[in-house]
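Below: the structure, in structure tokens.
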Amino acid sequence: MTDVAILGGGMTGLSAAYFLRHQLSYLVLEASSQAGGVIQTTQTGPFLLEHGPDCFMNQQPWGLELALELGLQDQLIESKDYQRGVYVLRHGQLELSTHEDKAVNEFLGHRARSGVNSNTFLSFKNGMQTWPRALAAQLGDRLLLNQRVCHVDWEQKIITCDSGLQIQARAILLTLPADASARLLNTSWPQLKTTQTACVYLAYPESALENRLDAFGLIIPASENRKISALTFVSSKFDHRCPEGFILLRAFLKGDFSDARKEVEQLFRPKSAPILEHGLRLTYADPKYAPDHFEQVTQLEQSLPAGVLIAGSPYRGVGISDCVHQARQATEKLLKFSRLNGIRPHGNISTLLDHVKVSAQPSDRQG
Ligand SMILES: Cc1cc2nc3c(=O)[nH]c(=O)nc-3n(C[C@H](O)[C@H](O)[C@H](O)COP(=O)(O)OP(=O)(O)OC[C@H]3O[C@@H](n4cnc5c(N)ncnc54)[C@H](O)[C@@H]3O)c2cc1C
């Protein structure tokens with residue numbers, strides 16, 4: 001039997017496992033074939049493309065502390081703050097906006113905890129996926145990929161995966177998207193809707209655009225009736241995203257991929273075709289919190305069986321740093337639970353995998 005089963009291998013689950021690793025035995029069960037959850041980076045030729053988050057903020061210490069602890073200081077990069085402004089499209093014209101604007105704050109804050117003003121944005125030279133990869137490397141064979149949890153016996157704490165793998169744990173930490181957790185817990189809460197984001201990356205030679213794009217991006221209010229809702233001027237925000245002499249844009253879409261290019265052409269009238277046009281889709285549970293959200297979370301926590309914990313973006317903060325913080329707090333609670341239940345810290349990790357009840361071949365299902 002393992003001390004802790006961690007369900008989900010996004011930033012929350014991976015960080016919790018990392019914080020626990022010298023204290024308790026654990027396994028992380030991740031449905032997809034790679035660690036990191038919504039954090040995904042791809043390299044397309046010389047262009048670095050983020051599917052989900054493109055940065056985190058240094059205003060809250062938890063994310064940065066973890067990155068430094070992992071030895072990633074040489075990989076960290078800061079946003080180019082001399083170009084920090086954001087344009088807003090008003091009646092078809094680009095207006096430079098201020099941080100007092102809520103939409104601008106949200107754009108700059110990128111879904112980080114509301115009400116917190118943004119500070120410097122940090123990322124990694126080789127993209128955000130550097131971070132979950134570094135965590136995964138620390139966990140080795142205790143991170144089990146391609147293992148989608150389909151059932152949990154909360155009394156016995158027996159976890160069953162689609163593949164047939166079954167493990168028993170003394171405690172369980174759920175770090176899944178809200179809908180997946182709610183299904184397993186057989187509760188209708190939290191009711192955070194699953195949504196899809198689509199974006200298209202476009203790259204042009206600098207000489208093709210008259211506008212220098214000297215800001216982090218452009219917000220397009222719904223009243224403008226456009227098919228793109230925002231543009232990040234990626235090459236103005238961070239270095240290491242595209243070669244010198246090129247401009248890289250990320251358009252967030254409501255329509256088809258092909259609409260992105262048409263809209264950019266109408267807005268900026270580039271003199272040549274893009275040298276890169278690459279569309280990406282990401283499905284995720286959209287954590288928009290209701291006014292009484294935190295009271296609801298407290299109630300949910302109180303209703304969970306002993307030794308079952310929840311952490312991650314559906315609960316107490318959406319930004320990556322908030323997720324790392326929740327992972328740290330969950331670890332402390334797990335250690336306390338273990339002490340109270342006479343579980344000896346330093347589980348015998350080397351023999352842990354022998355305790356897997358039914359071994360199974362990994363499936364190739366994606367998360
Ligand atoms: C498009 C987008 C942009 C964002 N931008 C930023 C940003 O710029 N800065 C910032 O700080 N934050 C940003 N965020 C928020 C932040 O990235 C997330 O809140 C955070 O990464 C969530 O981590 P998590 O581990 O809690 O959840 P997730 O990343 O969702 O991980 C959950 C994991 O559980 C797995 N899973 C699901 N079901 C099962 C199952 N049944 N069994 C086993 N595993 C399962 C999934 O495959 C996934 O790997 C953004 C989020 C999104 C979606």
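Going through the structure tokens in order, the chains are called A, B, and so on, while each chain numbers its residues from 1 and the ligands are numbered from 1 in the order shown.
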When you look at Val38 (chain A) with a cut-off of 12 Å (counting only C-alpha atoms), what residues show up, excluding the ones that are within fewer than 4 positions of it in the same chain? I need them as a compact mmCIF listing (two decimals) with N, CA and C atoms, in the first residue's frame.
```txt
# COMPACT_ATOMS: atom_id res chain seq x y z
N GLY A 8 -3.77 13.11 -10.84
CA GLY A 8 -3.53 14.24 -11.74
C GLY A 8 -2.08 14.68 -11.70
N GLY A 9 -1.49 14.81 -12.87
CA GLY A 9 -0.08 15.21 -12.97
C GLY A 9 0.09 16.54 -13.66
N GLY A 10 -0.78 17.52 -13.31
CA GLY A 10 -0.56 18.90 -13.73
C GLY A 10 0.38 19.55 -12.71
N MET A 11 0.49 20.88 -12.75
CA MET A 11 1.44 21.56 -11.83
C MET A 11 1.12 21.28 -10.37
N THR A 12 -0.20 21.16 -10.04
CA THR A 12 -0.56 20.96 -8.63
C THR A 12 -0.10 19.57 -8.17
N SER A 32 -2.95 11.47 -19.14
CA SER A 32 -2.40 11.69 -20.48
C SER A 32 -0.99 11.11 -20.59
N GLN A 34 1.70 12.76 -21.10
CA GLN A 34 2.76 13.66 -20.63
C GLN A 34 2.33 14.41 -19.38
N GLU A 50 3.24 28.18 -27.01
CA GLU A 50 2.59 27.71 -25.77
C GLU A 50 1.12 27.42 -26.08
N HIS A 51 0.64 26.24 -25.66
CA HIS A 51 -0.77 25.92 -25.86
C HIS A 51 -1.61 26.57 -24.75
N GLY A 52 -1.12 26.57 -23.54
CA GLY A 52 -1.84 27.09 -22.38
C GLY A 52 -1.13 28.33 -21.84
N PRO A 53 -0.76 28.32 -20.56
CA PRO A 53 -0.12 29.51 -19.98
C PRO A 53 1.21 29.83 -20.65
N ASP A 54 1.48 31.14 -20.76
CA ASP A 54 2.77 31.52 -21.34
C ASP A 54 3.71 32.13 -20.30
N MET A 128 7.20 27.04 -21.06
CA MET A 128 6.64 26.71 -19.73
C MET A 128 6.75 25.23 -19.39
N GLN A 129 6.82 24.38 -20.40
CA GLN A 129 6.84 22.95 -20.11
C GLN A 129 8.16 22.52 -19.46
N PRO A 132 7.09 21.56 -15.57
CA PRO A 132 6.61 20.21 -15.26
C PRO A 132 7.61 19.11 -15.63
N LEU A 176 -7.34 16.96 -9.94
CA LEU A 176 -7.90 16.86 -11.31
C LEU A 176 -8.68 18.12 -11.67
N PRO A 177 -8.98 18.31 -12.95
CA PRO A 177 -9.92 19.38 -13.30
C PRO A 177 -11.24 19.16 -12.57
N GLN A 196 -13.25 25.44 -24.22
CA GLN A 196 -12.15 25.16 -25.13
C GLN A 196 -11.55 26.47 -25.56
N THR A 197 -10.25 26.52 -25.60
CA THR A 197 -9.65 27.72 -26.15
C THR A 197 -8.94 27.34 -27.42
N ARG A 281 -5.66 23.83 -30.23
CA ARG A 281 -6.86 23.81 -29.38
C ARG A 281 -6.53 23.19 -28.05
N LEU A 282 -7.12 23.70 -26.98
CA LEU A 282 -6.90 23.15 -25.64
C LEU A 282 -8.25 23.14 -24.93
N THR A 283 -8.64 21.97 -24.43
CA THR A 283 -9.90 21.87 -23.68
C THR A 283 -9.56 21.89 -22.20
N TYR A 284 -10.27 22.67 -21.44
CA TYR A 284 -9.97 22.73 -20.01
C TYR A 284 -11.20 23.18 -19.24
N ALA A 285 -11.19 22.89 -17.94
CA ALA A 285 -12.29 23.34 -17.08
C ALA A 285 -12.00 24.78 -16.72
N ASP A 286 -12.90 25.66 -17.06
CA ASP A 286 -12.67 27.09 -16.88
C ASP A 286 -12.97 27.50 -15.45
N GLY A 312 -5.76 22.62 -6.26
CA GLY A 312 -5.61 22.97 -7.68
C GLY A 312 -6.50 24.11 -8.10
N SER A 313 -6.48 24.40 -9.39
CA SER A 313 -7.13 25.60 -9.91
C SER A 313 -8.64 25.69 -9.64
N VAL A 318 -6.22 30.32 -9.26
CA VAL A 318 -6.08 29.73 -10.59
C VAL A 318 -4.64 29.84 -11.11
N GLY A 319 -3.94 30.90 -10.74
CA GLY A 319 -2.58 31.12 -11.25
C GLY A 319 -1.67 29.95 -10.85
N ILE A 320 -0.63 29.75 -11.62
CA ILE A 320 0.26 28.62 -11.36
C ILE A 320 0.85 28.71 -9.97
N GLY A 367 -5.07 12.90 -22.16
CA GLY A 367 -5.87 13.51 -21.10
C GLY A 367 -6.83 14.52 -21.61
```
### Message
When you look at region 61-75 of chain A with a cut-off of 12 Å (counting only C-alpha atoms), what residues show up, excluding the ones that are within fewer than 2 positions of it in the same chain? I need them as a VMD selection string.
### Response
chain A and resid 11 to 12 14 to 16 18 to 19 55 to 59 77 to 78 119 to 138 240 319 to 329
Can you write just those residues out, C-alpha atoms, as a PDB file, in the first residue's frame?
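New file result_10.pdb:
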```pdb
ATOM      1  CA  MET A  11       1.436  21.560 -11.833  1.00  0.00           C
ATOM      2  CA  THR A  12      -0.555  20.957  -8.627  1.00  0.00           C
ATOM      3  CA  LEU A  14       3.517  17.265  -9.589  1.00  0.00           C
ATOM      4  CA  SER A  15       4.401  19.966  -7.045  1.00  0.00           C
ATOM      5  CA  ALA A  16       2.652  18.078  -4.238  1.00  0.00           C
ATOM      6  CA  TYR A  18       7.811  16.866  -5.202  1.00  0.00           C
ATOM      7  CA  PHE A  19       7.174  18.398  -1.756  1.00  0.00           C
ATOM      8  CA  CYS A  55       4.070  32.898 -18.040  1.00  0.00           C
ATOM      9  CA  PHE A  56       3.692  33.133 -14.273  1.00  0.00           C
ATOM     10  CA  MET A  57       4.021  36.099 -11.965  1.00  0.00           C
ATOM     11  CA  ASN A  58       6.687  36.792  -9.399  1.00  0.00           C
ATOM     12  CA  GLN A  59       4.321  38.722  -7.174  1.00  0.00           C
ATOM     13  CA  ILE A  77      13.385  34.749 -18.385  1.00  0.00           C
ATOM     14  CA  GLU A  78      11.572  38.007 -17.605  1.00  0.00           C
ATOM     15  CA  ASN A 119       4.038  42.339 -11.526  1.00  0.00           C
ATOM     16  CA  THR A 120       6.892  40.984 -13.642  1.00  0.00           C
ATOM     17  CA  PHE A 121       5.994  38.024 -15.825  1.00  0.00           C
ATOM     18  CA  LEU A 122       8.353  35.109 -15.797  1.00  0.00           C
ATOM     19  CA  SER A 123       8.746  32.235 -18.167  1.00  0.00           C
ATOM     20  CA  PHE A 124      11.438  29.792 -19.256  1.00  0.00           C
ATOM     21  CA  LYS A 125      13.787  30.084 -22.228  1.00  0.00           C
ATOM     22  CA  ASN A 126      12.533  26.783 -23.631  1.00  0.00           C
ATOM     23  CA  GLY A 127       8.927  27.382 -22.674  1.00  0.00           C
ATOM     24  CA  MET A 128       6.644  26.714 -19.731  1.00  0.00           C
ATOM     25  CA  GLN A 129       6.843  22.951 -20.106  1.00  0.00           C
ATOM     26  CA  THR A 130      10.406  23.167 -18.771  1.00  0.00           C
ATOM     27  CA  TRP A 131       8.812  23.344 -15.325  1.00  0.00           C
ATOM     28  CA  PRO A 132       6.613  20.212 -15.257  1.00  0.00           C
ATOM     29  CA  ARG A 133       9.399  18.326 -17.031  1.00  0.00           C
ATOM     30  CA  ALA A 134      11.850  19.258 -14.266  1.00  0.00           C
ATOM     31  CA  LEU A 135       9.328  18.116 -11.649  1.00  0.00           C
ATOM     32  CA  ALA A 136       8.609  14.880 -13.512  1.00  0.00           C
ATOM     33  CA  ALA A 137      12.335  14.138 -13.668  1.00  0.00           C
ATOM     34  CA  GLN A 138      12.448  14.295  -9.851  1.00  0.00           C
ATOM     35  CA  HIS A 240      13.529  33.334 -27.177  1.00  0.00           C
ATOM     36  CA  GLY A 319      -2.582  31.115 -11.251  1.00  0.00           C
ATOM     37  CA  ILE A 320       0.257  28.617 -11.364  1.00  0.00           C
ATOM     38  CA  SER A 321       1.801  30.113  -8.253  1.00  0.00           C
ATOM     39  CA  ASP A 322      -1.521  29.650  -6.404  1.00  0.00           C
ATOM     40  CA  CYS A 323      -1.567  26.008  -7.502  1.00  0.00           C
ATOM     41  CA  VAL A 324       1.965  25.470  -6.167  1.00  0.00           C
ATOM     42  CA  HIS A 325       0.899  27.091  -2.902  1.00  0.00           C
ATOM     43  CA  GLN A 326      -2.128  24.788  -2.621  1.00  0.00           C
ATOM     44  CA  ALA A 327       0.144  21.803  -3.305  1.00  0.00           C
ATOM     45  CA  ARG A 328       2.428  22.905  -0.455  1.00  0.00           C
ATOM     46  CA  GLN A 329      -0.510  23.308   1.927  1.00  0.00           C
TER      47      GLN A 329
END
```
### Query
Looking at only C-alpha atoms and all ligand atoms, which of A:Glu210, A:Glu155, A:Asp239, A:Asp179 is the one that sits closest to ligand 1?
A:Asp179
#### Entry: Selection near region 220-223 of chain A, 6 Å with only C-alpha atoms, sequence-local residues under 3 positions removed, as a ChimeraX atom specification
/A:89,229-230
### Query
Just how far from CA of Leu49 (chain A) is CA of Glu244 (chain A), in Å to one decimal?
16.0 Å
### Message
So that I can check the secondary structure, give me every residue of region 158-319 of chain A assigned helix (DSSP H, G or I) by backbone DSSP, as a PyMOL selection string.
### Response
chain A and resi 178-185+206-208+222-224+234-237+257-268+293-303
Write the selection just made, keeping C-alpha atoms, as a short mmCIF file (atom, residue, chain, number, x, y, z; two decimals), in the first residue's frame?
```
data_model
loop_
_atom_site.label_atom_id
_atom_site.label_comp_id
_atom_site.auth_asym_id
_atom_site.auth_seq_id
_atom_site.Cartn_x
_atom_site.Cartn_y
_atom_site.Cartn_z
CA ALA A 178 -13.20 20.20 -11.53
CA ASP A 179 -15.45 18.01 -13.69
CA ALA A 180 -13.22 14.94 -13.35
CA SER A 181 -13.02 15.33 -9.54
CA ALA A 182 -16.78 15.88 -9.25
CA ARG A 183 -17.46 12.69 -11.24
CA LEU A 184 -15.21 10.60 -8.99
CA LEU A 185 -16.59 12.16 -5.81
CA GLU A 206 9.33 42.56 -39.18
CA SER A 207 9.57 44.34 -42.54
CA ALA A 208 6.04 43.15 -43.42
CA ALA A 222 -17.09 41.87 -27.98
CA SER A 223 -18.64 45.18 -29.12
CA GLU A 224 -16.07 45.30 -31.93
CA VAL A 234 4.58 37.21 -28.27
CA SER A 235 7.86 38.57 -29.64
CA SER A 236 7.29 41.90 -27.82
CA LYS A 237 6.54 40.11 -24.53
CA PHE A 257 -8.47 28.89 -37.42
CA SER A 258 -8.50 30.60 -40.83
CA ASP A 259 -10.29 33.65 -39.32
CA ALA A 260 -7.18 34.62 -37.33
CA ARG A 261 -5.15 35.47 -40.39
CA LYS A 262 -8.03 37.36 -42.02
CA GLU A 263 -8.54 39.47 -38.89
CA VAL A 264 -4.82 40.22 -38.51
CA GLU A 265 -4.68 41.21 -42.17
CA GLN A 266 -7.58 43.61 -41.68
CA LEU A 267 -6.07 45.12 -38.55
CA PHE A 268 -2.39 45.43 -39.53
CA HIS A 293 -16.78 30.21 -4.05
CA PHE A 294 -14.42 29.98 -1.08
CA GLU A 295 -17.23 29.14 1.37
CA GLN A 296 -18.33 26.39 -1.03
CA VAL A 297 -14.77 25.05 -1.17
CA THR A 298 -14.61 24.96 2.63
CA GLN A 299 -17.89 23.02 2.71
CA LEU A 300 -16.65 20.58 0.10
CA GLU A 301 -13.41 20.04 2.03
CA GLN A 302 -15.37 19.36 5.20
CA SER A 303 -17.54 16.77 3.43
#
```
#### Entry: Top pick for closest residue to ligand 1, considering A:Gln40, A:Thr2, A:Ser338, A:Thr187 and counting only C-alpha atoms and all ligand atoms
A:Gln40
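Neighbours of Arg21 (chain A) closer than or equal to 10 Å, with only C-alpha atoms counted and sequence neighbours fewer than 3 positions away skipped, come out as Ser15, Ala16, Ala17, Tyr18, Leu24, Ser25, Tyr26, Leu27, Gln138, Leu139, Arg142, Thr331, His346, Gly347 and Ile349 of chain A.
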